[in-house]
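Raw contents of data.txt, compact mmCIF, C-alpha atoms:
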```txt
# COMPACT_ATOMS: atom_id res chain seq x y z
CA MET A 1 -22.46 14.74 9.85
CA SER A 2 -22.25 17.47 12.49
CA ARG A 3 -21.05 21.00 11.89
CA SER A 4 -18.28 20.59 14.44
CA PHE A 5 -16.95 17.54 12.58
CA VAL A 6 -16.97 19.38 9.24
CA ALA A 7 -15.32 22.41 10.82
CA GLY A 8 -12.66 20.24 12.46
CA VAL A 9 -11.87 18.43 9.18
CA ALA A 10 -11.69 21.73 7.28
CA ALA A 11 -9.32 23.19 9.89
CA ALA A 12 -7.13 20.07 9.73
CA VAL A 13 -6.96 20.24 5.91
CA LEU A 14 -5.98 23.91 6.03
CA LEU A 15 -3.30 23.16 8.60
CA LEU A 16 -1.93 20.32 6.49
CA ALA A 17 -1.87 22.56 3.43
CA ALA A 18 0.13 25.19 5.33
CA LEU A 19 2.66 22.79 6.89
CA PRO A 20 5.41 23.21 4.23
CA LEU A 21 5.40 26.93 4.99
CA LEU A 22 5.89 26.28 8.70
CA LEU A 23 8.32 23.34 8.80
CA SER A 24 11.88 22.65 7.72
CA GLN A 25 12.55 20.28 4.84
CA GLY A 26 13.36 17.43 7.20
CA LEU A 27 10.10 17.85 9.07
CA VAL A 28 8.18 18.09 5.78
CA ASN A 29 9.56 14.66 4.92
CA ALA A 30 8.39 13.44 8.32
CA ALA A 31 4.94 14.88 7.53
CA ILE A 32 4.91 12.89 4.27
CA GLN A 33 5.59 9.71 6.22
CA MET A 34 2.79 10.60 8.63
CA LEU A 35 0.33 11.04 5.75
CA ILE A 36 1.34 7.72 4.18
CA ALA A 37 1.04 5.92 7.51
CA ALA A 38 -2.40 7.51 8.06
CA LEU A 39 -3.65 6.26 4.69
CA PHE A 40 -2.22 2.78 5.26
CA ALA A 41 -3.87 2.52 8.69
CA SER A 42 -7.21 3.78 7.34
CA ALA A 43 -7.07 1.23 4.52
CA TYR A 44 -6.24 -1.52 7.00
CA ASN A 45 -9.14 -0.48 9.21
CA VAL A 46 -11.60 -1.24 6.40
CA LEU A 47 -10.67 -4.89 6.85
CA CYS A 48 -9.91 -5.00 10.57
CA GLY A 49 -12.16 -2.43 12.23
CA GLN A 50 -15.10 -2.39 9.86
CA ALA A 51 -15.24 -6.02 8.71
CA GLY A 52 -13.70 -7.53 11.85
CA MET A 53 -10.96 -9.49 10.01
CA LEU A 54 -7.60 -9.17 11.78
CA SER A 55 -4.79 -9.35 9.21
CA PHE A 56 -1.18 -9.88 10.31
CA GLY A 57 0.28 -9.51 6.81
CA HIS A 58 -1.03 -6.30 5.28
CA ALA A 59 2.50 -5.20 4.41
CA ALA A 60 2.18 -7.56 1.42
CA TYR A 61 -0.22 -5.21 -0.39
CA PHE A 62 1.70 -2.11 0.65
CA GLY A 63 4.80 -3.71 -0.85
CA VAL A 64 3.06 -4.89 -4.01
CA GLY A 65 1.83 -1.35 -4.63
CA ALA A 66 5.33 -0.04 -4.04
CA PHE A 67 7.00 -2.35 -6.56
CA ALA A 68 4.26 -1.87 -9.15
CA THR A 69 4.86 1.87 -8.93
CA VAL A 70 8.64 1.70 -9.18
CA HIS A 71 8.35 -0.48 -12.30
CA ALA A 72 5.78 1.93 -13.75
CA MET A 73 8.25 4.77 -13.14
CA ASN A 74 10.98 2.88 -15.03
CA ALA A 75 8.74 1.84 -17.93
CA VAL A 76 8.90 3.32 -21.44
CA GLY A 77 12.64 3.93 -21.24
CA GLY A 78 12.45 5.62 -17.86
CA THR A 79 9.87 8.22 -18.88
CA GLY A 80 7.18 6.43 -16.93
CA LEU A 81 4.09 4.44 -17.78
CA LEU A 82 1.96 7.19 -16.23
CA PRO A 83 2.52 10.86 -15.40
CA THR A 84 3.97 11.27 -11.92
CA PRO A 85 0.70 12.52 -10.34
CA LEU A 86 -1.12 9.41 -11.60
CA LEU A 87 1.48 6.82 -10.58
CA PRO A 88 -0.49 5.76 -7.46
CA LEU A 89 -3.03 4.24 -9.86
CA ALA A 90 -0.44 1.55 -10.64
CA GLY A 91 -0.14 0.76 -6.95
CA ALA A 92 -3.91 0.72 -6.56
CA LEU A 93 -4.35 -1.73 -9.45
CA ALA A 94 -1.60 -4.05 -8.20
CA GLY A 95 -2.97 -3.98 -4.66
CA LEU A 96 -6.48 -4.70 -5.91
CA LEU A 97 -5.46 -7.69 -8.04
CA VAL A 98 -3.12 -9.27 -5.49
CA GLY A 99 -5.55 -8.49 -2.68
CA ALA A 100 -8.41 -10.18 -4.52
CA ALA A 101 -6.30 -13.30 -5.14
CA ALA A 102 -4.93 -13.48 -1.60
CA GLY A 103 -8.32 -12.61 -0.11
CA TRP A 104 -9.97 -15.48 -1.96
CA PHE A 105 -7.77 -17.92 -0.02
CA ALA A 106 -7.61 -16.07 3.29
CA THR A 107 -11.34 -15.43 3.69
CA LYS A 108 -12.15 -19.12 3.42
CA ARG A 109 -11.25 -19.17 7.11
CA THR A 110 -12.06 -16.83 9.97
CA GLY A 111 -10.54 -15.75 13.27
CA THR A 112 -7.08 -17.02 14.12
CA TYR A 113 -6.84 -19.12 10.96
CA PHE A 114 -7.53 -16.06 8.79
CA ALA A 115 -4.85 -14.08 10.63
CA MET A 116 -2.31 -16.87 10.19
CA ILE A 117 -3.04 -17.18 6.46
CA THR A 118 -2.51 -13.45 5.93
CA LEU A 119 0.74 -13.64 7.87
CA ALA A 120 1.88 -16.62 5.79
CA ILE A 121 1.18 -14.80 2.52
CA ALA A 122 3.19 -11.77 3.60
CA GLU A 123 6.07 -13.90 4.86
CA LEU A 124 6.06 -15.87 1.60
CA LEU A 125 6.50 -12.66 -0.39
CA HIS A 126 9.17 -11.46 2.03
CA ALA A 127 11.11 -14.71 1.63
CA LEU A 128 10.80 -14.88 -2.17
CA ALA A 129 11.51 -11.23 -2.97
CA PRO A 130 15.33 -11.33 -2.51
CA HIS A 131 15.55 -14.30 -4.90
CA LEU A 132 13.32 -12.87 -7.67
CA LYS A 133 15.83 -10.26 -8.78
CA GLY A 134 14.11 -9.48 -12.05
CA LEU A 135 10.96 -8.40 -10.23
CA PHE A 136 12.13 -7.19 -6.84
CA GLY A 137 15.78 -6.29 -7.52
CA GLY A 138 17.28 -8.69 -4.99
CA GLU A 139 18.96 -7.28 -1.90
CA ALA A 140 19.52 -3.87 -3.53
CA GLY A 141 15.92 -3.39 -4.58
CA VAL A 142 14.76 -1.24 -7.51
CA SER A 143 15.31 2.50 -7.89
CA ALA A 144 13.65 5.07 -10.13
CA MET A 145 13.34 8.82 -10.65
CA ARG A 146 10.33 11.11 -10.50
CA MET A 147 9.74 12.71 -13.89
CA PRO A 148 8.47 16.28 -14.44
CA SER A 149 4.77 16.57 -15.17
CA LEU A 150 2.10 19.28 -15.43
CA GLY A 151 4.80 21.95 -15.32
CA LEU A 152 6.18 20.70 -12.01
CA SER A 153 9.59 19.12 -11.59
CA PHE A 154 8.65 17.00 -8.54
CA GLY A 155 12.26 17.35 -7.53
CA SER A 156 11.55 19.08 -4.24
CA THR A 157 10.12 17.66 -1.03
CA VAL A 158 7.36 20.28 -1.10
CA HIS A 159 6.06 19.04 -4.47
CA VAL A 160 6.02 15.46 -3.18
CA TYR A 161 4.26 16.60 0.00
CA TYR A 162 1.40 18.25 -1.85
CA LEU A 163 1.06 15.28 -4.22
CA THR A 164 0.92 12.94 -1.22
CA LEU A 165 -1.56 15.19 0.57
CA ALA A 166 -3.86 15.31 -2.46
CA TRP A 167 -3.87 11.52 -2.81
CA VAL A 168 -4.31 10.88 0.90
CA LEU A 169 -7.25 13.29 1.17
CA ALA A 170 -8.87 11.81 -1.94
CA CYS A 171 -8.43 8.25 -0.67
CA LEU A 172 -9.73 9.09 2.80
CA GLY A 173 -12.77 10.69 1.15
CA LEU A 174 -13.37 7.53 -0.91
CA LEU A 175 -12.94 5.32 2.13
CA TYR A 176 -15.43 7.45 4.06
CA PHE A 177 -17.88 7.19 1.17
CA PHE A 178 -17.29 3.41 1.13
CA THR A 179 -18.67 3.14 4.66
CA PHE A 180 -22.08 4.31 3.34
CA THR A 181 -22.21 1.97 0.34
CA PRO A 182 -24.12 -1.34 0.50
CA LEU A 183 -20.83 -3.24 0.60
CA GLY A 184 -19.59 -1.01 3.41
CA ARG A 185 -22.76 -1.63 5.41
CA LEU A 186 -22.61 -5.36 4.79
CA SER A 187 -19.00 -5.41 5.99
CA LEU A 188 -20.33 -4.42 9.41
CA GLY A 189 -22.46 -7.55 9.25
CA LEU A 190 -19.34 -9.61 8.60
CA ARG A 191 -17.92 -8.24 11.83
CA GLU A 192 -21.04 -8.61 13.96
CA ASN A 193 -22.63 -11.85 12.74
CA SER A 194 -21.52 -13.45 9.48
CA HIS A 195 -23.75 -16.49 10.11
CA ARG A 196 -26.84 -14.28 10.06
CA LEU A 197 -25.70 -12.73 6.78
CA ALA A 198 -25.35 -16.21 5.29
CA PHE A 199 -28.79 -17.13 6.62
CA LEU A 200 -30.22 -14.04 4.86
CA GLY A 201 -28.83 -15.31 1.57
CA TYR A 202 -25.62 -13.30 1.17
CA ASP A 203 -22.46 -14.93 -0.15
CA VAL A 204 -20.25 -14.28 2.87
CA HIS A 205 -17.08 -15.47 1.15
CA ARG A 206 -17.59 -13.13 -1.80
CA LEU A 207 -18.28 -10.21 0.52
CA GLY A 208 -15.10 -10.96 2.44
CA VAL A 209 -13.03 -11.09 -0.75
CA MET A 210 -14.44 -7.76 -1.95
CA VAL A 211 -13.72 -6.00 1.35
CA PHE A 212 -10.24 -7.54 1.43
CA ALA A 213 -9.57 -6.31 -2.12
CA VAL A 214 -10.74 -2.78 -1.33
CA SER A 215 -8.47 -2.64 1.71
CA ALA A 216 -5.53 -4.01 -0.30
CA MET A 217 -6.15 -1.50 -3.11
CA PHE A 218 -5.83 1.53 -0.84
CA SER A 219 -2.86 -0.09 0.91
CA GLY A 220 -1.26 -0.30 -2.53
CA VAL A 221 -1.80 3.44 -2.97
CA ALA A 222 0.03 4.03 0.33
CA GLY A 223 2.94 1.88 -0.89
CA SER A 224 2.95 3.79 -4.17
CA LEU A 225 3.23 7.12 -2.38
CA GLN A 226 6.12 5.71 -0.35
CA VAL A 227 8.01 4.90 -3.55
CA ILE A 228 7.30 8.29 -5.09
CA ASN A 229 8.80 9.86 -1.99
CA ASN A 230 11.85 7.57 -1.72
CA GLU A 231 12.35 6.87 -5.46
CA ALA A 232 13.22 3.27 -4.55
CA ALA A 233 11.65 0.04 -3.32
CA ASN A 234 13.28 -2.78 -1.40
CA TYR A 235 12.00 -6.17 -0.27
CA VAL A 236 11.99 -4.77 3.30
CA VAL A 237 8.53 -3.33 2.53
CA PHE A 238 7.22 -6.89 2.96
CA ASP A 239 8.73 -7.17 6.45
CA ALA A 240 6.54 -8.29 9.33
CA HIS A 241 7.53 -5.15 11.24
CA LEU A 242 5.45 -3.04 8.84
CA SER A 243 2.46 -5.36 9.25
CA ALA A 244 2.79 -5.14 13.03
CA ALA A 245 3.16 -1.36 12.92
CA VAL A 246 -0.12 -0.84 11.05
CA VAL A 247 -1.95 -3.06 13.55
CA LEU A 248 -0.54 -1.09 16.50
CA ASN A 249 -1.25 2.27 14.87
CA THR A 250 -4.82 1.31 14.05
CA TYR A 251 -5.69 0.09 17.54
CA ILE A 252 -3.91 2.95 19.28
CA GLY A 253 -5.94 5.41 17.23
CA GLY A 254 -9.22 3.52 17.62
CA VAL A 255 -10.85 1.09 15.19
CA LYS A 256 -14.43 2.26 15.86
CA VAL A 257 -13.90 5.84 14.66
CA PHE A 258 -13.23 6.49 10.97
CA LEU A 259 -10.31 8.89 11.51
CA GLY A 260 -9.05 7.04 14.58
CA PRO A 261 -6.47 4.89 12.71
CA ALA A 262 -5.22 7.96 10.82
CA LEU A 263 -4.80 9.77 14.14
CA GLY A 264 -2.96 6.85 15.71
CA ALA A 265 -0.66 6.38 12.71
CA SER A 266 0.19 10.08 12.55
CA ILE A 267 1.00 10.29 16.25
CA MET A 268 3.08 7.11 16.33
CA THR A 269 4.99 8.03 13.16
CA PHE A 270 5.82 11.44 14.61
CA PHE A 271 6.72 9.73 17.88
CA GLY A 272 9.18 7.51 16.04
CA TYR A 273 10.84 10.46 14.32
CA ALA A 274 11.02 12.52 17.50
CA VAL A 275 12.18 9.82 19.93
CA SER A 276 14.27 7.40 17.86
CA ASP A 277 17.19 9.85 17.75
CA LEU A 278 17.04 10.35 21.52
CA THR A 279 16.97 6.78 22.82
CA ARG A 280 17.52 3.22 21.69
CA SER A 281 14.51 2.11 23.73
CA TRP A 282 11.91 3.94 21.64
CA LEU A 283 10.28 0.70 20.46
CA LEU A 284 9.76 -0.24 24.09
CA TYR A 285 7.93 3.05 24.64
CA GLN A 286 5.67 2.24 21.70
CA GLY A 287 4.88 -1.13 23.25
CA ILE A 288 4.15 0.43 26.64
CA LEU A 289 1.81 2.95 25.01
CA PHE A 290 -0.02 0.19 23.16
CA VAL A 291 -0.51 -1.84 26.35
CA LEU A 292 -1.80 1.21 28.24
CA VAL A 293 -4.24 2.11 25.47
CA MET A 294 -5.59 -1.43 25.33
CA MET A 295 -6.00 -1.58 29.10
CA PHE A 296 -7.39 1.87 29.89
CA MET A 297 -8.67 3.19 26.54
CA PRO A 298 -9.95 0.20 24.55
CA GLU A 299 -11.60 2.56 22.06
CA GLY A 300 -8.24 4.20 21.35
CA LEU A 301 -7.19 7.83 21.41
CA ALA A 302 -10.19 8.79 19.31
CA GLY A 303 -12.45 7.23 21.94
CA LEU A 304 -10.74 9.34 24.60
CA PHE A 305 -11.52 12.50 22.64
CA GLY A 306 -15.09 11.30 22.21
CA ALA A 307 -15.45 10.74 25.97
CA ALA A 308 -14.06 14.22 26.63
CA GLY A 309 -16.57 15.67 24.17
CA ARG A 310 -19.48 13.92 25.87
CA LEU A 311 -18.28 15.17 29.24
CA ARG A 312 -18.08 18.74 27.89
CA ARG A 313 -21.63 18.59 26.57
CA ARG A 314 -22.97 17.31 29.90
CA VAL A 315 -21.11 19.43 32.43
CA GLY A 316 -19.78 22.37 30.39
CA VAL A 317 -16.30 23.61 29.56
CA VAL A 318 -15.71 25.40 32.88
CA ARG A 319 -16.39 22.34 35.03
CA MET A 320 -14.52 20.04 32.64
CA LEU A 321 -11.35 22.16 32.48
CA PRO A 322 -9.91 21.04 35.87
CA VAL A 323 -10.41 17.41 34.85
CA VAL A 324 -8.55 17.91 31.57
CA LEU A 325 -5.70 19.79 33.25
CA GLY A 326 -5.45 17.14 35.95
CA CYS A 327 -5.29 14.38 33.34
CA LEU A 328 -2.56 16.19 31.41
CA VAL A 329 -0.44 16.83 34.51
CA ALA A 330 -0.82 13.24 35.73
CA ALA A 331 0.01 11.87 32.28
CA LEU A 332 3.14 14.01 32.03
CA LEU A 333 4.32 12.95 35.50
CA LEU A 334 3.75 9.26 34.77
CA ALA A 335 5.43 9.57 31.36
CA ALA A 336 8.44 11.24 32.97
CA ALA A 337 8.63 8.49 35.61
CA THR A 338 8.42 5.78 32.95
CA ALA A 339 11.08 7.36 30.75
CA PHE A 340 13.38 7.89 33.73
CA THR A 341 13.01 4.27 34.86
CA VAL A 342 13.48 2.78 31.38
CA GLU A 343 16.59 4.84 30.66
CA LEU A 344 18.12 3.98 34.04
CA LEU A 345 17.47 0.26 33.53
CA GLN A 346 18.84 0.47 30.00
CA ARG A 347 22.13 1.86 31.34
CA VAL A 348 22.31 -0.65 34.19
CA PHE A 349 21.83 -3.73 32.03
CA SER A 350 23.70 -2.60 28.90
CA GLN A 351 27.39 -3.10 28.19
CA ASP A 352 27.83 0.67 27.89
CA TYR A 353 27.31 1.16 31.63
CA ARG A 354 30.58 -0.60 32.36
CA ALA A 355 32.31 2.32 30.65
CA GLY A 356 30.62 4.75 33.05
CA ALA A 357 27.65 5.80 30.91
CA LEU A 358 25.32 8.30 32.59
CA VAL A 359 21.69 9.13 31.87
CA PRO A 360 21.12 12.62 30.40
CA LEU A 361 17.60 13.68 31.45
CA PHE A 362 15.92 16.92 32.54
CA GLY A 363 18.94 19.06 31.74
CA ARG A 364 21.52 17.10 33.74
CA THR A 365 23.17 13.67 33.92
CA TRP A 366 22.31 10.98 36.47
CA ALA A 367 24.34 8.07 37.81
CA PRO A 368 22.20 4.90 37.44
CA LEU A 369 23.40 3.21 40.65
CA GLU A 370 22.95 6.09 43.08
CA ALA A 371 20.02 5.87 45.50
CA GLY A 372 19.20 9.55 45.03
CA THR A 373 18.79 8.97 41.31
CA TRP A 374 16.14 6.27 41.81
CA ALA A 375 14.25 8.51 44.22
CA VAL A 376 13.36 10.81 41.32
CA PRO A 377 11.22 8.30 39.31
CA VAL A 378 9.64 7.07 42.57
CA LEU A 379 8.56 10.61 43.44
CA LEU A 380 7.34 11.25 39.90
CA LEU A 381 5.36 8.00 39.96
CA ALA A 382 3.81 8.87 43.32
CA ALA A 383 2.86 12.35 42.12
CA GLY A 384 1.35 10.95 38.93
CA ALA A 385 -0.66 8.36 40.87
CA GLY A 386 -1.88 11.12 43.19
CA GLY A 387 -2.95 13.12 40.16
CA ILE A 388 -4.95 10.15 38.83
CA LEU A 389 -6.70 9.76 42.17
CA ALA A 390 -7.50 13.49 42.22
CA VAL A 391 -9.00 13.26 38.72
CA ARG A 392 -11.14 10.29 39.74
CA ARG A 393 -12.42 12.23 42.75
CA MET A 394 -13.34 15.15 40.48
CA LEU A 395 -15.16 12.81 38.13
CA ARG A 396 -17.10 11.24 41.00
CA ARG A 397 -18.03 14.71 42.21
CA LEU A 398 -19.31 15.60 38.76
CA ALA A 399 -21.20 12.31 38.66
CA ASP A 400 -22.85 13.16 42.00
CA ASP A 401 -23.82 16.63 40.75
CA ASP A 402 -25.05 15.32 37.39
CA GLY A 403 -25.93 11.63 37.16
CA SER A 404 -25.54 11.63 33.39
CA ALA A 405 -21.80 12.19 33.74
CA ALA A 406 -21.29 8.85 35.49
CA PRO A 407 -20.82 6.76 32.31
CA VAL A 408 -18.17 9.20 31.10
CA ALA A 409 -16.40 9.07 34.45
CA THR A 410 -16.29 5.31 34.20
CA THR A 411 -14.95 5.43 30.64
CA ILE A 412 -12.07 7.74 31.49
CA ALA A 413 -11.14 6.59 34.96
CA GLN A 414 -11.51 2.83 34.85
CA PRO A 415 -9.50 0.17 32.98
CA SER A 416 -11.26 -2.00 30.42
CA GLY A 417 -13.36 -4.63 32.14
CA SER A 418 -13.22 -2.96 35.58
CA ALA A 419 -16.17 -1.97 37.71
CA ALA A 420 -16.61 1.67 38.75
```
Kindly present the structure from the file in structure tokens form.
Amino acid sequence: MSRSFVAGVAAAVLLLAALPLLLSQGLVNAAIQMLIAALFASAYNVLCGQAGMLSFGHAAYFGVGAFATVHAMNAVGGTGLLPTPLLPLAGALAGLLVGAAAGWFATKRTGTYFAMITLAIAELLHALAPHLKGLFGGEAGVSAMRMPSLGLSFGSTVHVYYLTLAWVLACLGLLYFFTFTPLGRLSLGLRENSHRLAFLGYDVHRLGVMVFAVSAMFSGVAGSLQVINNEAANYVVFDAHLSAAVVLNTYIGGVKVFLGPALGASIMTFFGYAVSDLTRSWLLYQGILFVLVMMFMPEGLAGLFGAAGRLRRRVGVVRMLPVVLGCLVAALLLAAATAFTVELLQRVFSQDYRAGALVPLFGRTWAPLEAGTWAVPVLLLAAGAGGILAVRRMLRRLADDDGSAAPVATTIAQPSGSAA
């Protein structure tokens, strides 16, 4: 573990601890959602990134943890089965038990069949939940109240934020420790070559069940924290949208870096809060971002930072700075061109345009059918493409000056599967 990594983690923890002092109450709630999404993605990555088992139904264990927690909060006449700070233990236990049972069935198959079984389990819970009113509360769900504990009322968003932060940091620490355990090391073997593990005498099915259960347990903790924040649980937590979101967040962040999924989940959750109030096409932007990451940054955003770090070590900060600035400018230009085009097309093909709807962008409104309007995204796209070409020329120049920089140039400048 390098000093720079430890220093970066320490700085991030200090920043997270200071956030309630810097943000409004609404943004603190958004930060809580970011922390929960980061934990959920990191738990999912134990199964997907580390063990190589792609699950399409991990919302099942998030939801099980959520409902276990809300029932624990309502137990003992509403005083709670556990003190409020310990309620995530109920979610962890429920996620572990259900994950072990579901994993026993799912891990009997691999690849596409495994993914379909996990999806079927989640959809089964999603379909049954509205009808099992005693357990899931029907359409209305189940509500509860946070009870005071340890001298804290837990009535404010700040109290919930620090409770969530403490649990997320503790769980991330445990997940990081898990990667160094024998089971964590063997899970890499499940991803790389399960047949060789079986040949060496390991029970591959048992290993798969154990890794599945660990992932489900920490997913249950994430669901528990969600309930503590919202004081309610609804069958919507089993929805396929949540399962899809954790897959996208994990791959956007990067499955090969421990904190990559947490980074991706935090960024995409913040993106949703920031953009969903501005446009109805925000899900389309998420999809575009996912496609671009898979095409040009297959190792995710964390892999991009890693490539930048390798380039810095090989050519120095001064020579790398123009490359970074060029990338940022080109990315902003291309993002502006994409947003402009999507919003124009949304107005053209929507029913609202018939009422004369205009596009408010860049401090003014634009008429979607005017030729001058469409010239703006074309110019932005051309400028962004020119910026990309300029960055590639700078990278080739660095590669000529220092041959060791060539692999980094290829990583940043070329799509996945392309030749330099």
Pairwise distance for atom CA of Leu135 of chain A and atom CA of Val246 of chain A, rounded to one decimal in Å: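 Here the two named atoms are 25.2 Å from each other.
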Neighbours of point (7.2, 6.8, 43.2) within 12 Å, using only C-alpha atoms, written as a VMD selection string: chain A and resid 333 to 334 336 to 338 340 to 341 373 to 386
Counting all atoms listed in the file, the residue of A:Ile388, A:Leu128, A:Ala302, A:Ala335 that sits nearest Leu263 of chain A: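 Result for the nearest residue to Leu263 of chain A: A:Ala302.
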Interatomic distance (Å, one decimal) between atom CA of Leu183 of chain A and atom CA of Val211 of chain A: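 Between atom CA of Leu183 of chain A and atom CA of Val211 of chain A the gap is 7.7 Å.
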Of the listed residues A:Val324, A:Ala390, A:Met145, A:Met217, that which approaches Leu97 of chain A most closely, counting all atoms listed in the file: A:Met217
Point-to-point distance in Å for atom CA of Ala339 of chain A and atom CA of Ala371 of chain A: 17.3 Å
Shell around Gly137 of chain A at 12 Å using all atoms listed in the file, local window under 3 positions removed, as an NGL selection string: :A and (67 or 70-71 or 128-134 or 140-144 or 232-236)
Test item: residues at most 9 Å from Phe154 of chain A, only C-alpha atoms, excluding those fewer than 6 positions along its chain, as a ChimeraX atom specification: /A:84,146-148,160,163
Please save C-alpha atoms of the selected residues as a PDB file, in the coordinates of the input.
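Output contents, as saved in part-v7.pdb:
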```
ATOM      1  CA  THR A  84       3.970  11.270 -11.920  1.00  0.00           C
ATOM      2  CA  ARG A 146      10.330  11.110 -10.500  1.00  0.00           C
ATOM      3  CA  MET A 147       9.740  12.710 -13.890  1.00  0.00           C
ATOM      4  CA  PRO A 148       8.470  16.280 -14.440  1.00  0.00           C
ATOM      5  CA  VAL A 160       6.020  15.460  -3.180  1.00  0.00           C
ATOM      6  CA  LEU A 163       1.060  15.280  -4.220  1.00  0.00           C
TER       7      LEU A 163
END
```
Mind running segment 163-203 of chain A against segment 16-34 of chain A at 12 Å and telling me each contacting residue's nearest atom pair with the distance in Å (one decimal), counting only C-alpha atoms, chain and number ascending, as JSON lines?
```
{"residue": "A:Leu163", "atom": "CA", "partner": "A:Ile32", "partner_atom": "CA", "distance": 9.6}
{"residue": "A:Thr164", "atom": "CA", "partner": "A:Ile32", "partner_atom": "CA", "distance": 6.8}
{"residue": "A:Leu165", "atom": "CA", "partner": "A:Ile32", "partner_atom": "CA", "distance": 7.8}
{"residue": "A:Ala166", "atom": "CA", "partner": "A:Ala17", "partner_atom": "CA", "distance": 9.6}
{"residue": "A:Trp167", "atom": "CA", "partner": "A:Ile32", "partner_atom": "CA", "distance": 11.4}
{"residue": "A:Val168", "atom": "CA", "partner": "A:Ile32", "partner_atom": "CA", "distance": 10.0}
{"residue": "A:Leu169", "atom": "CA", "partner": "A:Leu16", "partner_atom": "CA", "distance": 10.3}
```
Nearest to Leu39 of chain A by atom-to-atom distance, counting only C-alpha atoms, from A:Gln226, A:Ser350, A:Thr181, A:Thr69: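 Looking at the shortest contact to Leu39 of chain A, the residue is A:Gln226.
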Protein and nucleic acid residues near (5.7, 5.7, 0.4) (cut-off 8 Å, all atoms listed in the file) as a ChimeraX atom specification: /A:33,36,66,222-230
For the selection just defined, write its residues with C-alpha atoms to a file, as an mmCIF file, in the coordinates of the input.
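This went into part00.cif:
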```cif
data_model
loop_
_atom_site.group_PDB
_atom_site.id
_atom_site.type_symbol
_atom_site.label_atom_id
_atom_site.label_comp_id
_atom_site.auth_asym_id
_atom_site.auth_seq_id
_atom_site.Cartn_x
_atom_site.Cartn_y
_atom_site.Cartn_z
ATOM 1 C CA GLN A 33 5.590 9.710 6.220
ATOM 2 C CA ILE A 36 1.340 7.720 4.180
ATOM 3 C CA ALA A 66 5.330 -0.040 -4.040
ATOM 4 C CA ALA A 222 0.030 4.030 0.330
ATOM 5 C CA GLY A 223 2.940 1.880 -0.890
ATOM 6 C CA SER A 224 2.950 3.790 -4.170
ATOM 7 C CA LEU A 225 3.230 7.120 -2.380
ATOM 8 C CA GLN A 226 6.120 5.710 -0.350
ATOM 9 C CA VAL A 227 8.010 4.900 -3.550
ATOM 10 C CA ILE A 228 7.300 8.290 -5.090
ATOM 11 C CA ASN A 229 8.800 9.860 -1.990
ATOM 12 C CA ASN A 230 11.850 7.570 -1.720
#
```
Using only C-alpha atoms: which of A:Gly387, A:Gly303, A:Gly80, A:Pro368 has the shortest distance to Val348 of chain A: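 Ranking A:Gly387, A:Gly303, A:Gly80, A:Pro368 by distance to Val348 of chain A, first place goes to A:Pro368.
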Near segment 46-58 of chain A, within 6 Å and counting all atoms listed in the file, which residues show up once chain neighbours fewer than 4 positions away are dropped, as a PDB file with C-alpha atoms, keeping the file's coordinate frame?
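The file below, selection35.pdb, is the result:
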```pdb
ATOM      1  CA  ALA A 115      -4.850 -14.080  10.630  1.00  0.00           C
ATOM      2  CA  THR A 118      -2.510 -13.450   5.930  1.00  0.00           C
ATOM      3  CA  LEU A 119       0.740 -13.640   7.870  1.00  0.00           C
ATOM      4  CA  ALA A 122       3.190 -11.770   3.600  1.00  0.00           C
ATOM      5  CA  SER A 187     -19.000  -5.410   5.990  1.00  0.00           C
ATOM      6  CA  LEU A 188     -20.330  -4.420   9.410  1.00  0.00           C
ATOM      7  CA  LEU A 190     -19.340  -9.610   8.600  1.00  0.00           C
ATOM      8  CA  ARG A 191     -17.920  -8.240  11.830  1.00  0.00           C
ATOM      9  CA  SER A 215      -8.470  -2.640   1.710  1.00  0.00           C
ATOM     10  CA  SER A 243       2.460  -5.360   9.250  1.00  0.00           C
ATOM     11  CA  VAL A 255     -10.850   1.090  15.190  1.00  0.00           C
TER      12      VAL A 255
END
```
Closest of A:Ala101, A:Ala262, A:Leu283, A:Leu207 to Ser194 of chain A - atom-to-atom distances counting all atoms listed in the file: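 Result for the nearest residue to Ser194 of chain A: A:Leu207.
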Who sits within 12 Å of Phe105 of chain A, all atoms listed in the file, same chain under 3 positions skipped, as a PyMOL selection string: chain A and resi 98-102+108-110+113-118+120-121+205-206+208-209+212-213
Residues of the last selection are to be written out with C-alpha atoms, as a tab-separated table (two decimals), in the frame of the given file.
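Listing of again_16.tsv after writing:
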```
chain	number	residue	atom	x	y	z
A	98	VAL	CA	-3.12	-9.27	-5.49
A	99	GLY	CA	-5.55	-8.49	-2.68
A	100	ALA	CA	-8.41	-10.18	-4.52
A	101	ALA	CA	-6.30	-13.30	-5.14
A	102	ALA	CA	-4.93	-13.48	-1.60
A	108	LYS	CA	-12.15	-19.12	3.42
A	109	ARG	CA	-11.25	-19.17	7.11
A	110	THR	CA	-12.06	-16.83	9.97
A	113	TYR	CA	-6.84	-19.12	10.96
A	114	PHE	CA	-7.53	-16.06	8.79
A	115	ALA	CA	-4.85	-14.08	10.63
A	116	MET	CA	-2.31	-16.87	10.19
A	117	ILE	CA	-3.04	-17.18	6.46
A	118	THR	CA	-2.51	-13.45	5.93
A	120	ALA	CA	1.88	-16.62	5.79
A	121	ILE	CA	1.18	-14.80	2.52
A	205	HIS	CA	-17.08	-15.47	1.15
A	206	ARG	CA	-17.59	-13.13	-1.80
A	208	GLY	CA	-15.10	-10.96	2.44
A	209	VAL	CA	-13.03	-11.09	-0.75
A	212	PHE	CA	-10.24	-7.54	1.43
A	213	ALA	CA	-9.57	-6.31	-2.12
```
Neighbour list for Lys256 of chain A as a list in words, cut-off 7 Å, all atoms listed in the file, skip fewer than 2 positions in-chain: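 What passes the distance filter is Gly49, Gly254, Phe258 and Glu299 of chain A.
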